[in-house]
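S.K.: Sharing query37.txt here; it has compact mmCIF, C-alpha atoms.
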# COMPACT_ATOMS: atom_id res chain seq x y z
CA MET A 1 111.63 112.39 -93.37
CA LYS A 2 113.96 113.10 -90.41
CA GLU A 3 116.46 110.46 -89.34
CA VAL A 4 118.00 109.71 -85.95
CA ASP A 5 120.50 107.14 -84.72
CA VAL A 6 118.38 105.96 -81.78
CA ALA A 7 114.66 106.19 -80.99
CA ILE A 8 113.74 105.32 -77.39
CA VAL A 9 110.10 104.30 -76.90
CA GLY A 10 109.21 104.93 -73.28
CA SER A 11 110.37 107.46 -70.69
CA GLY A 12 110.33 105.68 -67.35
CA PRO A 13 113.46 104.81 -65.35
CA TYR A 14 114.89 102.55 -68.10
CA GLY A 15 114.25 105.02 -70.92
CA LEU A 16 115.64 107.95 -68.93
CA SER A 17 118.73 105.93 -67.95
CA LEU A 18 119.42 105.03 -71.58
CA ALA A 19 118.96 108.58 -72.79
CA ALA A 20 121.26 109.96 -70.08
CA HIS A 21 124.06 107.56 -71.03
CA LEU A 22 123.61 108.12 -74.77
CA ARG A 23 123.66 111.88 -74.23
CA ARG A 24 126.94 111.67 -72.32
CA ARG A 25 128.50 109.59 -75.12
CA GLY A 26 127.30 111.94 -77.85
CA VAL A 27 125.03 109.42 -79.57
CA PRO A 28 122.10 111.22 -81.29
CA TYR A 29 118.76 110.01 -79.95
CA ARG A 30 115.13 110.97 -79.50
CA ILE A 31 113.10 109.73 -76.55
CA PHE A 32 109.30 109.64 -76.58
CA GLY A 33 106.48 109.37 -74.04
CA PRO A 34 105.13 111.25 -70.99
CA PRO A 35 107.97 111.07 -68.42
CA MET A 36 107.46 108.77 -65.42
CA ARG A 37 103.77 108.37 -66.30
CA PHE A 38 103.40 104.94 -64.63
CA TRP A 39 104.75 106.31 -61.36
CA ARG A 40 103.00 109.71 -61.52
CA THR A 41 99.58 108.08 -61.93
CA MET A 42 99.87 105.64 -59.03
CA PRO A 43 96.98 105.77 -56.52
CA PRO A 44 97.67 108.14 -53.59
CA GLY A 45 98.92 106.52 -50.42
CA LEU A 46 101.15 103.85 -51.94
CA ASN A 47 104.84 103.38 -51.33
CA LEU A 48 107.58 101.74 -53.35
CA LYS A 49 107.79 97.98 -52.93
CA SER A 50 111.61 98.12 -53.22
CA PHE A 51 114.29 99.75 -51.13
CA ALA A 52 115.27 103.25 -52.19
CA PHE A 53 118.75 102.06 -53.22
CA ALA A 54 117.12 99.54 -55.58
CA THR A 55 115.20 102.16 -57.57
CA SER A 56 117.78 104.70 -58.66
CA ILE A 57 117.80 105.99 -62.24
CA SER A 58 121.19 105.23 -63.80
CA VAL A 59 123.06 108.32 -64.97
CA PRO A 60 126.80 108.86 -65.69
CA GLU A 61 127.29 111.16 -62.72
CA LYS A 62 127.86 110.32 -59.07
CA GLY A 63 125.64 111.57 -56.29
CA GLN A 64 122.36 111.17 -58.20
CA SER A 65 120.88 108.08 -56.57
CA PHE A 66 117.37 108.07 -55.17
CA PRO A 67 118.55 107.72 -51.53
CA GLU A 68 120.86 110.74 -51.97
CA TRP A 69 118.01 112.75 -53.50
CA CYS A 70 115.79 111.79 -50.54
CA ARG A 71 118.40 112.69 -47.94
CA GLY A 72 118.87 116.10 -49.56
CA ARG A 73 115.15 116.79 -48.96
CA GLY A 74 114.78 115.25 -45.52
CA LEU A 75 112.75 112.29 -46.81
CA GLU A 76 112.87 108.58 -45.95
CA ASP A 77 115.90 107.19 -47.79
CA ARG A 78 115.39 103.45 -47.34
CA GLU A 79 111.80 102.22 -46.89
CA PRO A 80 108.96 102.91 -47.21
CA CYS A 81 109.47 105.67 -49.78
CA THR A 82 106.34 107.20 -51.26
CA MET A 83 105.38 106.84 -54.91
CA GLU A 84 104.95 110.60 -55.00
CA SER A 85 108.56 111.21 -53.93
CA TYR A 86 109.86 108.69 -56.46
CA ALA A 87 107.87 110.27 -59.27
CA GLU A 88 109.22 113.68 -58.25
CA TYR A 89 112.77 112.26 -58.26
CA GLY A 90 112.21 110.85 -61.75
CA MET A 91 110.97 114.20 -63.04
CA PHE A 92 113.97 115.93 -61.47
CA MET A 93 116.33 113.48 -63.20
CA GLN A 94 114.53 113.89 -66.52
CA GLN A 95 114.76 117.67 -66.43
CA ARG A 96 118.43 117.58 -65.47
CA PHE A 97 119.76 114.74 -67.63
CA VAL A 98 117.20 114.32 -70.43
CA PRO A 99 115.85 117.83 -71.05
CA ASP A 100 115.15 117.07 -74.73
CA LEU A 101 112.50 114.42 -73.96
CA GLU A 102 109.40 114.56 -76.19
CA ALA A 103 106.18 113.71 -74.34
CA VAL A 104 104.39 112.57 -77.52
CA GLU A 105 103.42 108.88 -77.76
CA VAL A 106 104.80 106.45 -80.36
CA GLU A 107 101.98 104.89 -82.35
CA ARG A 108 103.89 102.54 -84.61
CA VAL A 109 107.36 101.15 -85.26
CA ALA A 110 107.88 99.23 -88.50
CA GLN A 111 110.82 97.91 -90.51
CA ALA A 112 111.90 100.32 -93.27
CA GLY A 113 114.54 98.35 -95.16
CA ASP A 114 117.80 96.94 -93.85
CA HIS A 115 118.90 98.43 -90.51
CA ARG A 116 116.22 101.13 -90.59
CA PHE A 117 112.92 101.58 -88.79
CA GLU A 118 110.07 103.94 -89.48
CA VAL A 119 108.62 105.50 -86.32
CA THR A 120 105.19 107.14 -86.42
CA LEU A 121 104.24 109.53 -83.60
CA ALA A 122 100.78 110.36 -82.26
CA ASN A 123 101.12 113.91 -83.61
CA GLY A 124 101.49 112.56 -87.15
CA GLU A 125 105.26 113.03 -87.45
CA ARG A 126 107.24 110.21 -89.04
CA LEU A 127 110.96 109.61 -88.73
CA THR A 128 113.48 106.89 -89.48
CA ALA A 129 115.83 105.41 -86.90
CA ARG A 130 118.83 103.14 -87.23
CA ASN A 131 118.05 101.68 -83.79
CA VAL A 132 114.89 101.42 -81.72
CA ILE A 133 114.86 100.67 -77.99
CA SER A 134 111.62 99.39 -76.46
CA ALA A 135 111.56 100.76 -72.92
CA THR A 136 107.85 100.77 -72.05
CA GLY A 137 108.15 98.77 -68.83
CA LEU A 138 104.94 97.00 -67.79
CA SER A 139 102.75 99.02 -70.16
CA TYR A 140 100.81 96.77 -72.55
CA LEU A 141 101.76 93.63 -70.57
CA GLN A 142 98.94 93.45 -68.00
CA HIS A 143 97.36 89.99 -67.79
CA THR A 144 93.66 89.41 -67.09
CA PRO A 145 92.52 85.76 -66.84
CA ASP A 146 90.16 84.56 -69.55
CA GLU A 147 87.42 83.94 -66.97
CA LEU A 148 87.22 87.70 -66.31
CA LYS A 149 87.49 89.09 -69.83
CA GLY A 150 83.77 89.26 -70.58
CA LEU A 151 82.94 91.64 -67.73
CA GLY A 152 83.39 94.93 -69.57
CA ASP A 153 83.56 97.93 -67.25
CA CYS A 154 83.01 95.70 -64.21
CA VAL A 155 86.60 94.45 -64.26
CA SER A 156 89.84 96.40 -63.94
CA HIS A 157 93.50 95.43 -63.85
CA THR A 158 95.53 96.98 -61.04
CA PHE A 159 97.78 98.58 -63.67
CA ASP A 160 94.86 100.72 -64.87
CA LEU A 161 93.57 101.83 -61.47
CA HIS A 162 94.69 105.32 -60.46
CA ARG A 163 92.10 105.98 -57.76
CA PHE A 164 89.83 103.91 -55.50
CA ASP A 165 87.18 106.35 -54.32
CA GLN A 166 84.73 104.92 -56.89
CA PHE A 167 84.59 101.74 -54.78
CA SER A 168 83.10 103.45 -51.71
CA GLY A 169 80.11 101.42 -50.56
CA LYS A 170 80.81 98.73 -53.19
CA ASP A 171 81.49 95.00 -52.92
CA VAL A 172 84.76 94.27 -54.69
CA ALA A 173 86.53 90.98 -55.37
CA VAL A 174 90.29 91.22 -55.87
CA VAL A 175 91.95 88.28 -57.61
CA GLY A 176 95.62 87.62 -56.90
CA ALA A 177 98.17 87.13 -54.14
CA GLY A 178 100.97 89.56 -55.01
CA ALA A 179 101.69 93.06 -53.77
CA SER A 180 99.42 94.75 -56.32
CA ALA A 181 96.42 92.59 -55.39
CA ILE A 182 96.89 92.97 -51.64
CA GLU A 183 97.45 96.72 -51.94
CA ALA A 184 94.32 97.03 -54.09
CA ALA A 185 92.23 95.17 -51.51
CA ALA A 186 93.59 97.42 -48.77
CA LEU A 187 92.86 100.59 -50.75
CA VAL A 188 89.29 99.43 -51.43
CA GLN A 189 88.84 99.12 -47.65
CA VAL A 190 90.38 102.55 -47.04
CA ALA A 191 88.02 104.05 -49.64
CA GLY A 192 85.00 102.68 -47.80
CA GLY A 193 84.40 99.61 -49.92
CA ARG A 194 84.06 95.96 -48.91
CA ALA A 195 86.91 93.88 -50.31
CA GLN A 196 87.43 90.16 -50.55
CA LEU A 197 90.73 88.74 -51.74
CA LEU A 198 90.70 85.52 -53.78
CA VAL A 199 94.06 83.76 -53.46
CA ARG A 200 94.96 80.64 -55.38
CA ALA A 201 97.83 79.84 -52.99
CA ALA A 202 97.63 78.59 -49.41
CA GLU A 203 98.06 82.07 -47.90
CA ALA A 204 98.58 85.75 -48.57
CA THR A 205 102.08 86.60 -47.37
CA PHE A 206 103.72 89.83 -46.23
CA ASN A 207 107.38 90.79 -46.10
CA THR A 208 108.87 91.60 -42.72
CA ARG A 209 110.56 94.92 -42.16
CA SER A 210 114.31 94.55 -42.62
CA ALA A 211 116.68 95.90 -40.02
CA ARG A 212 118.30 99.19 -40.98
CA VAL A 213 121.50 98.24 -39.15
CA ARG A 214 122.77 94.64 -39.15
CA PRO A 215 125.88 93.09 -37.55
CA LEU A 216 128.93 92.86 -39.83
CA THR A 217 128.98 89.07 -39.74
CA GLU A 218 125.35 88.96 -40.84
CA ARG A 219 126.05 91.43 -43.66
CA ILE A 220 128.90 89.20 -44.87
CA ARG A 221 126.85 85.98 -44.70
CA ASN A 222 123.74 87.59 -46.22
CA PRO A 223 124.71 90.73 -48.13
CA GLU A 224 121.93 93.19 -48.82
CA THR A 225 120.88 93.47 -52.47
CA VAL A 226 118.12 94.93 -54.61
CA LEU A 227 116.42 91.51 -54.40
CA GLY A 228 116.76 91.22 -50.63
CA ALA A 229 119.46 89.83 -48.37
CA GLY A 230 121.33 86.66 -49.35
CA LEU A 231 124.36 85.37 -51.24
CA LYS A 232 122.28 84.03 -54.13
CA ASN A 233 120.59 87.40 -54.49
CA TRP A 234 124.02 89.04 -54.49
CA VAL A 235 125.16 86.78 -57.36
CA LEU A 236 122.02 87.53 -59.38
CA GLN A 237 122.49 91.25 -58.84
CA THR A 238 126.24 91.36 -59.47
CA LEU A 239 126.57 88.88 -62.32
CA PRO A 240 123.53 89.15 -64.62
CA TRP A 241 125.77 88.17 -67.53
CA GLY A 242 126.39 84.87 -65.73
CA VAL A 243 122.63 84.26 -65.62
CA TYR A 244 122.58 84.71 -69.41
CA PHE A 245 124.74 81.57 -69.84
CA ILE A 246 122.57 79.31 -67.71
CA PRO A 247 120.76 76.81 -70.00
CA PRO A 248 117.38 78.29 -70.99
CA GLU A 249 115.17 75.75 -69.20
CA ARG A 250 117.00 76.21 -65.89
CA ARG A 251 117.09 79.97 -66.37
CA LEU A 252 113.33 80.07 -66.91
CA ARG A 253 112.70 78.07 -63.75
CA LEU A 254 114.99 80.39 -61.82
CA VAL A 255 113.33 83.60 -63.02
CA LYS A 256 109.79 82.34 -62.56
CA GLY A 257 110.46 80.88 -59.13
CA TRP A 258 112.50 83.71 -57.64
CA LEU A 259 110.70 86.02 -55.21
CA PRO A 260 107.20 84.51 -54.94
CA PRO A 261 104.22 86.88 -54.57
CA THR A 262 104.37 88.86 -51.32
CA ALA A 263 103.07 92.18 -50.08
CA PRO A 264 105.11 94.89 -48.33
CA TRP A 265 104.94 95.04 -44.56
CA TRP A 266 103.72 98.65 -44.45
CA ILE A 267 100.33 97.87 -46.07
CA ARG A 268 99.34 95.32 -43.45
CA ASP A 269 97.57 97.70 -41.07
CA ARG A 270 95.37 98.96 -43.92
CA PHE A 271 94.63 95.37 -44.95
CA GLU A 272 92.78 94.59 -41.73
CA GLY A 273 89.14 93.77 -42.46
CA VAL A 274 89.70 92.30 -45.91
CA ASP A 275 87.94 88.96 -46.31
CA VAL A 276 90.63 86.53 -47.55
CA HIS A 277 89.77 83.26 -49.32
CA VAL A 278 92.80 81.02 -49.88
CA ARG A 279 93.12 78.05 -52.25
CA THR A 280 90.33 79.68 -54.24
CA THR A 281 89.99 80.16 -58.00
CA VAL A 282 87.41 81.82 -60.22
CA VAL A 283 85.65 79.17 -62.31
CA GLU A 284 83.22 81.46 -64.10
CA ALA A 285 82.27 85.16 -64.07
CA THR A 286 79.03 86.50 -65.56
CA LEU A 287 77.21 89.83 -65.60
CA CYS A 288 73.72 90.07 -64.12
CA GLY A 289 71.91 93.35 -63.64
CA GLY A 290 75.07 95.44 -63.60
CA ARG A 291 76.76 93.22 -61.01
CA VAL A 292 79.12 90.26 -61.31
CA ASN A 293 78.31 86.68 -60.37
CA LEU A 294 81.50 84.80 -59.54
CA ARG A 295 81.47 81.02 -59.32
CA LEU A 296 84.36 80.07 -57.06
CA HIS A 297 86.11 76.82 -56.35
CA THR A 298 87.84 76.43 -53.01
CA GLU A 299 90.01 73.37 -52.54
CA GLY A 300 88.15 70.63 -50.69
CA GLN A 301 84.79 72.42 -50.82
CA PRO A 302 81.83 72.49 -53.25
CA ASP A 303 81.69 75.38 -55.69
CA ARG A 304 79.90 78.48 -54.47
CA THR A 305 78.72 81.79 -55.92
CA THR A 306 79.35 85.32 -54.71
CA VAL A 307 77.97 88.55 -56.16
CA VAL A 308 80.07 91.72 -56.31
CA ASP A 309 79.91 95.14 -57.93
CA HIS A 310 83.41 95.01 -59.40
CA VAL A 311 86.37 92.67 -59.90
CA ILE A 312 89.99 93.81 -59.71
CA ALA A 313 92.57 91.60 -61.40
CA GLY A 314 95.84 91.73 -59.51
CA THR A 315 97.03 88.92 -61.73
CA GLY A 316 100.37 90.22 -62.92
CA TYR A 317 101.87 90.66 -66.35
CA ALA A 318 102.61 88.53 -69.40
CA LEU A 319 106.13 88.80 -70.83
CA ASP A 320 104.91 88.73 -74.41
CA VAL A 321 106.31 90.77 -77.32
CA ASP A 322 102.99 90.43 -79.15
CA ARG A 323 101.35 92.67 -76.56
CA LEU A 324 103.47 95.66 -77.64
CA ALA A 325 100.87 97.17 -79.93
CA TYR A 326 103.19 99.91 -81.21
CA LEU A 327 105.44 97.32 -82.86
CA ASP A 328 104.25 96.41 -86.35
CA THR A 329 102.91 92.87 -86.62
CA ASP A 330 105.53 91.81 -89.17
CA LEU A 331 108.27 93.24 -86.98
CA ARG A 332 107.02 91.39 -83.89
CA GLN A 333 106.91 88.13 -85.81
CA ARG A 334 110.60 88.46 -86.70
CA VAL A 335 111.65 88.63 -83.04
CA ARG A 336 113.02 85.29 -81.85
CA ARG A 337 111.53 84.29 -78.48
CA ILE A 338 112.13 82.60 -75.18
CA GLU A 339 108.57 81.50 -74.58
CA ARG A 340 106.83 84.78 -75.56
CA ALA A 341 109.59 87.15 -74.41
CA PRO A 342 112.39 88.32 -76.73
CA ALA A 343 115.60 86.31 -76.96
CA LEU A 344 118.40 88.86 -76.74
CA SER A 345 122.14 89.21 -77.25
CA LEU A 346 124.44 90.24 -74.41
CA SER A 347 123.88 93.82 -75.63
CA PHE A 348 120.07 93.52 -75.28
CA GLU A 349 119.65 93.39 -79.08
CA SER A 350 116.92 91.15 -80.48
CA SER A 351 117.12 88.90 -83.53
CA VAL A 352 116.01 91.95 -85.56
CA PRO A 353 119.23 93.99 -85.97
CA GLY A 354 118.86 97.39 -84.32
CA LEU A 355 115.80 96.49 -82.23
CA TYR A 356 116.58 96.44 -78.50
CA PHE A 357 114.50 95.66 -75.42
CA VAL A 358 114.97 96.70 -71.80
CA GLY A 359 112.99 96.22 -68.60
CA PRO A 360 110.82 93.27 -67.51
CA LEU A 361 110.77 91.69 -70.98
CA THR A 362 114.50 90.94 -70.59
CA ALA A 363 114.20 88.94 -67.34
CA PHE A 364 114.20 85.57 -69.14
CA CYS A 365 117.64 86.45 -70.53
CA PHE A 366 119.35 88.21 -67.62
CA GLY A 367 117.52 87.18 -64.47
CA PRO A 368 115.02 88.53 -61.92
CA VAL A 369 116.92 91.79 -61.31
CA PHE A 370 115.47 93.02 -64.61
CA ARG A 371 111.92 92.71 -63.33
CA PHE A 372 112.76 95.83 -61.34
CA VAL A 373 114.17 99.33 -61.88
CA ALA A 374 117.57 98.09 -60.66
CA GLY A 375 118.23 96.44 -64.04
CA ALA A 376 118.66 99.91 -65.57
CA GLN A 377 122.05 100.09 -63.85
CA PHE A 378 123.24 97.40 -66.27
CA ALA A 379 121.13 98.06 -69.35
CA GLY A 380 121.84 101.79 -69.70
CA PRO A 381 125.66 101.64 -69.79
CA THR A 382 125.70 98.39 -71.81
CA ILE A 383 123.50 99.55 -74.66
CA SER A 384 125.01 103.04 -74.78
CA ARG A 385 128.53 101.56 -75.13
CA ARG A 386 127.34 99.32 -77.92
CA LEU A 387 125.66 102.12 -79.85
CA ALA A 388 128.59 104.48 -79.33
CA ARG A 389 130.94 101.88 -80.87
CA GLN A 390 128.49 101.40 -83.71
CA LYS A 391 128.45 105.14 -84.39
CA ARG A 392 132.27 105.29 -84.50
So that I can check it, write out the structure of this file as structure tokens.
M.R.:
Amino acid sequence: MKEVDVAIVGSGPYGLSLAAHLRRRGVPYRIFGPPMRFWRTMPPGLNLKSFAFATSISVPEKGQSFPEWCRGRGLEDREPCTMESYAEYGMFMQQRFVPDLEAVEVERVAQAGDHRFEVTLANGERLTARNVISATGLSYLQHTPDELKGLGDCVSHTFDLHRFDQFSGKDVAVVGAGASAIEAAALVQVAGGRAQLLVRAAEATFNTRSARVRPLTERIRNPETVLGAGLKNWVLQTLPWGVYFIPPERRLRLVKGWLPPTAPWWIRDRFEGVDVHVRTTVVEATLCGGRVNLRLHTEGQPDRTTVVDHVIAGTGYALDVDRLAYLDTDLRQRVRRIERAPALSLSFESSVPGLYFVGPLTAFCFGPVFRFVAGAQFAGPTISRRLARQKR
């Protein structure tokens, strides 16, 4: 059985960043998974929710940021940048900095004695690794409320929707108030469907377009960051290690409360015509004749029923290690938690020696920056330094 120092599970921005830094430091690794799959399979017509400078893949070479790549091709280099251009950028970075990527999926990671893991690939190959890095982003983490789980093919999570033309002429209920839910409702309308958005909060909110040029005094008072303008955002972006030392209860409140659900400004014109119901929750959902009966409760009103052809859950993601199906059950149970997310060291290592996590699952340790691609700027260099020292 072949052995490698590091096995990286996942080949999105975090996985590619890690591999690029390990490659530069001479640490043997193998990286698995179709490159940039999440981004390459996004529905046509969507843009990034973040600024271009907040979505760069971290590599140990200057001049390789996403805005620089865009400027070199005459594309928008701030916002809105298309998903297609970002996926193309990611593939360019993979081919240049991680040419040895293996597109095969990882089926299972299990403990194989002290400081060793056995990795089983979808093609049947097995290998051992001294270290495993879980870099699968939002994959496996999509959350669908219990009320909607019995609807079979009549319910979809926004994560799993890659096209919307199947909703032409259909009545569709979209549950949620964040960017994914609002974008889904807009794309249903564009596809010729009839969308209604069910929002638990008091309103569905949209970001305003930020000024490309701001006065110097304003930039000093409210510096621009990957989380938006503001001094607090600057601290969270610049000092994620400081967030790590905030007491856990306060840290959890901070991460959960930072950046409430909002939609990007550029989707608003396509959102016109969507029927929005605020302060509304789904009480019960049942199938009847191939359609869905939704019993809804709106604050201050009697319950009512609506009938739709399909329900889209734009209900976010659960930061839960147990959802990572490729990790062996015994291995998952050994991971110490903060709520359901992994509790990590300052080097992103879990309580299982040699098992590391990056991406959204690390937000409860290092702050809201790690809910986004921008966290790769910290995770890639940090873990690669650690593993290079370990190799020496």
S.K.: With all atoms listed in the file as the counted atoms, please give the residues lying no more than 12 Å from Asn207 of chain A, apart from itself and same-chain residues fewer than 2 positions off, as a short mmCIF file (atom, residue, chain, number, x, y, z; two decimals) with C-alpha atoms, in the coordinates of the input.
M.R.:
data_model
loop_
_atom_site.label_atom_id
_atom_site.label_comp_id
_atom_site.auth_asym_id
_atom_site.auth_seq_id
_atom_site.Cartn_x
_atom_site.Cartn_y
_atom_site.Cartn_z
CA LYS A 49 107.79 97.98 -52.93
CA SER A 50 111.61 98.12 -53.22
CA GLY A 178 100.97 89.56 -55.01
CA ALA A 179 101.69 93.06 -53.77
CA ALA A 204 98.58 85.75 -48.57
CA THR A 205 102.08 86.60 -47.37
CA ARG A 209 110.56 94.92 -42.16
CA SER A 210 114.31 94.55 -42.62
CA GLY A 228 116.76 91.22 -50.63
CA LEU A 259 110.70 86.02 -55.21
CA PRO A 260 107.20 84.51 -54.94
CA PRO A 261 104.22 86.88 -54.57
CA THR A 262 104.37 88.86 -51.32
CA ALA A 263 103.07 92.18 -50.08
CA PRO A 264 105.11 94.89 -48.33
CA TRP A 265 104.94 95.04 -44.56
CA TRP A 266 103.72 98.65 -44.45
CA ILE A 267 100.33 97.87 -46.07
CA ARG A 268 99.34 95.32 -43.45
#
S.K.: Quote the spacing between atom CA of Ile8 of chain A and atom CA of Ser180 of chain A in Å to one decimal place.
M.R.: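 The value is 27.6 Å.
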S.K.: Of the candidates A:Val59, A:Ala191, A:Ala341, A:Leu101, which one gets nearest to Asp320 of chain A if we count all atoms listed in the file?
M.R.: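 Using all atoms listed in the file, the shortest distance to Asp320 of chain A belongs to A:Ala341.
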S.K.: Quote the spacing between atom CA of Pro342 of chain A and atom CA of Pro360 of chain A in Å to one decimal place.
M.R.: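 Result for atom CA of Pro342 of chain A versus atom CA of Pro360 of chain A: 10.6 Å, one decimal.
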S.K.: Rank A:Gly74, A:Gly15, A:Pro44, A:Gly152 by their smallest atom-to-atom distance to Val98 of chain A, using only C-alpha atoms, and report the top residue only.
M.R.: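 The answer is A:Gly15, which sits nearest to Val98 of chain A.
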S.K.: For segment 318-378 of chain A against segment 118-136 of chain A, with a cut-off of 9 Å and counting all atoms listed in the file, what is the closest atom pair and its distance in Å to one decimal for every residue that makes the cut, ordered by chain and number, as a Markdown table?
M.R.:
| residue | atom | partner | partner_atom | distance |
| --- | --- | --- | --- | --- |
| A:Leu324 | CA | A:Thr136 | CA | 8.7 |
| A:Glu349 | CA | A:Ile133 | CA | 8.8 |
| A:Pro353 | CA | A:Asn131 | CA | 8.1 |
| A:Gly354 | CA | A:Asn131 | CA | 4.4 |
| A:Leu355 | CA | A:Val132 | CA | 5.0 |
| A:Tyr356 | CA | A:Ile133 | CA | 4.6 |
| A:Phe357 | CA | A:Ser134 | CA | 4.8 |
| A:Val358 | CA | A:Ala135 | CA | 5.4 |
| A:Gly359 | CA | A:Ala135 | CA | 6.4 |
S.K.: Could the residues of segment 180-254 of chain A that have an atom at most 10 Å from segment 294-300 of chain A be listed as a tab-separated table, each with its closest atom pair and the distance in Å to one decimal, counting only C-alpha atoms and ordered by chain and ascending residue number?
M.R.:
residue	atom	partner	partner_atom	distance
A:Leu198	CA	A:Leu296	CA	9.0
A:Val199	CA	A:Thr298	CA	9.6
A:Arg200	CA	A:Thr298	CA	8.6
A:Ala202	CA	A:Glu299	CA	9.8
S.K.: Between atom CA of Glu105 of chain A and atom CA of Val9 of chain A, what is the distance in Å, rounded to a tenth?
M.R.: 8.1 Å
S.K.: Could you check which of A:Arg291, A:Arg323, A:Lys62, A:Lys391 is closest to Leu151 of chain A, using all atoms listed in the file?
M.R.: A:Arg291
S.K.: Hey, which of A:Ala19, A:Leu227, A:Ile31, A:Met93 ends up closest to Phe372 of chain A? Count only C-alpha atoms.
M.R.: A:Leu227
S.K.: What lies within 10 Å of Arg371 of chain A using all atoms listed in the file, ignoring chain neighbours under 3 positions off, as a ChimeraX atom specification?
M.R.: /A:137-138,255,358-364,366-368,374-375
S.K.: Excluding segment 219-222 of chain A and its own-chain neighbours fewer than 3 positions away, which residues fall within 10 Å of it when counting all atoms listed in the file? Please give them as a PyMOL selection string.
M.R.: chain A and resi 213-216+225+228-234
S.K.: Identify, on the basis of only C-alpha atoms, every residue whose closest approach to Leu327 of chain A does not exceed 9 Å; exclude the query and any residue fewer than 3 positions from it along the same chain; express the result as a list in words.
M.R.: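 In the requested form, the answer reads Glu107, Arg108, Val109, Ala110, Val321, Asp322, Arg323, Leu324, Asp330, Leu331 and Arg332 of chain A.
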S.K.: Pick from A:Tyr14, A:Arg71, A:Phe117, A:Met83: nearest to Lys2 of chain A, with only C-alpha atoms counted?
M.R.: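 Closest to Lys2 of chain A, using only C-alpha atoms: A:Phe117.
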S.K.: Using all atoms listed in the file, can you tell me which of A:Val6, A:Val243, A:Leu141, A:Ala20 comes closest to Phe97 of chain A?
M.R.: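 Smallest separation from Phe97 of chain A among the options: A:Ala20.
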S.K.: Just the residues within 9 Å of Ile383 of chain A, please, counting all atoms listed in the file, with nothing from its chain fewer than 6 positions along; format it as a list in words.
M.R.: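 These residues fall inside the cut-off: Leu18, His21, Leu22, Ser347, Phe348, Glu349 and Tyr356 of chain A.
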S.K.: Would you mind completing segment 182-195 of chain A to N, CA and C atoms and writing the output as a short mmCIF file (atom, residue, chain, number, x, y, z; two decimals), in the coordinates of the input?
M.R.:
data_model
loop_
_atom_site.label_atom_id
_atom_site.label_comp_id
_atom_site.auth_asym_id
_atom_site.auth_seq_id
_atom_site.Cartn_x
_atom_site.Cartn_y
_atom_site.Cartn_z
N ILE A 182 97.10 92.70 -53.06
CA ILE A 182 96.89 92.97 -51.64
C ILE A 182 96.77 94.47 -51.39
N GLU A 183 97.57 95.27 -52.07
CA GLU A 183 97.45 96.72 -51.94
C GLU A 183 96.09 97.20 -52.44
N ALA A 184 95.63 96.63 -53.56
CA ALA A 184 94.32 97.03 -54.09
C ALA A 184 93.21 96.71 -53.10
N ALA A 185 93.25 95.53 -52.50
CA ALA A 185 92.23 95.17 -51.51
C ALA A 185 92.26 96.13 -50.32
N ALA A 186 93.47 96.49 -49.89
CA ALA A 186 93.59 97.42 -48.77
C ALA A 186 93.04 98.79 -49.13
N LEU A 187 93.32 99.27 -50.34
CA LEU A 187 92.86 100.59 -50.75
C LEU A 187 91.35 100.63 -50.96
N VAL A 188 90.75 99.50 -51.36
CA VAL A 188 89.29 99.43 -51.43
C VAL A 188 88.71 99.64 -50.02
N GLN A 189 89.30 98.97 -49.03
CA GLN A 189 88.84 99.12 -47.65
C GLN A 189 88.97 100.56 -47.19
N VAL A 190 90.14 101.17 -47.47
CA VAL A 190 90.38 102.55 -47.04
C VAL A 190 89.37 103.50 -47.68
N ALA A 191 88.97 103.20 -48.93
CA ALA A 191 88.02 104.05 -49.64
C ALA A 191 86.58 103.85 -49.19
N GLY A 192 86.35 102.91 -48.30
CA GLY A 192 85.00 102.68 -47.80
C GLY A 192 84.27 101.57 -48.51
N GLY A 193 85.01 100.76 -49.26
CA GLY A 193 84.40 99.61 -49.92
C GLY A 193 84.54 98.35 -49.08
N ARG A 194 83.96 97.26 -49.58
CA ARG A 194 84.06 95.96 -48.91
C ARG A 194 84.82 95.02 -49.84
N ALA A 195 86.04 94.66 -49.44
CA ALA A 195 86.91 93.88 -50.31
C ALA A 195 87.02 92.44 -49.84
#
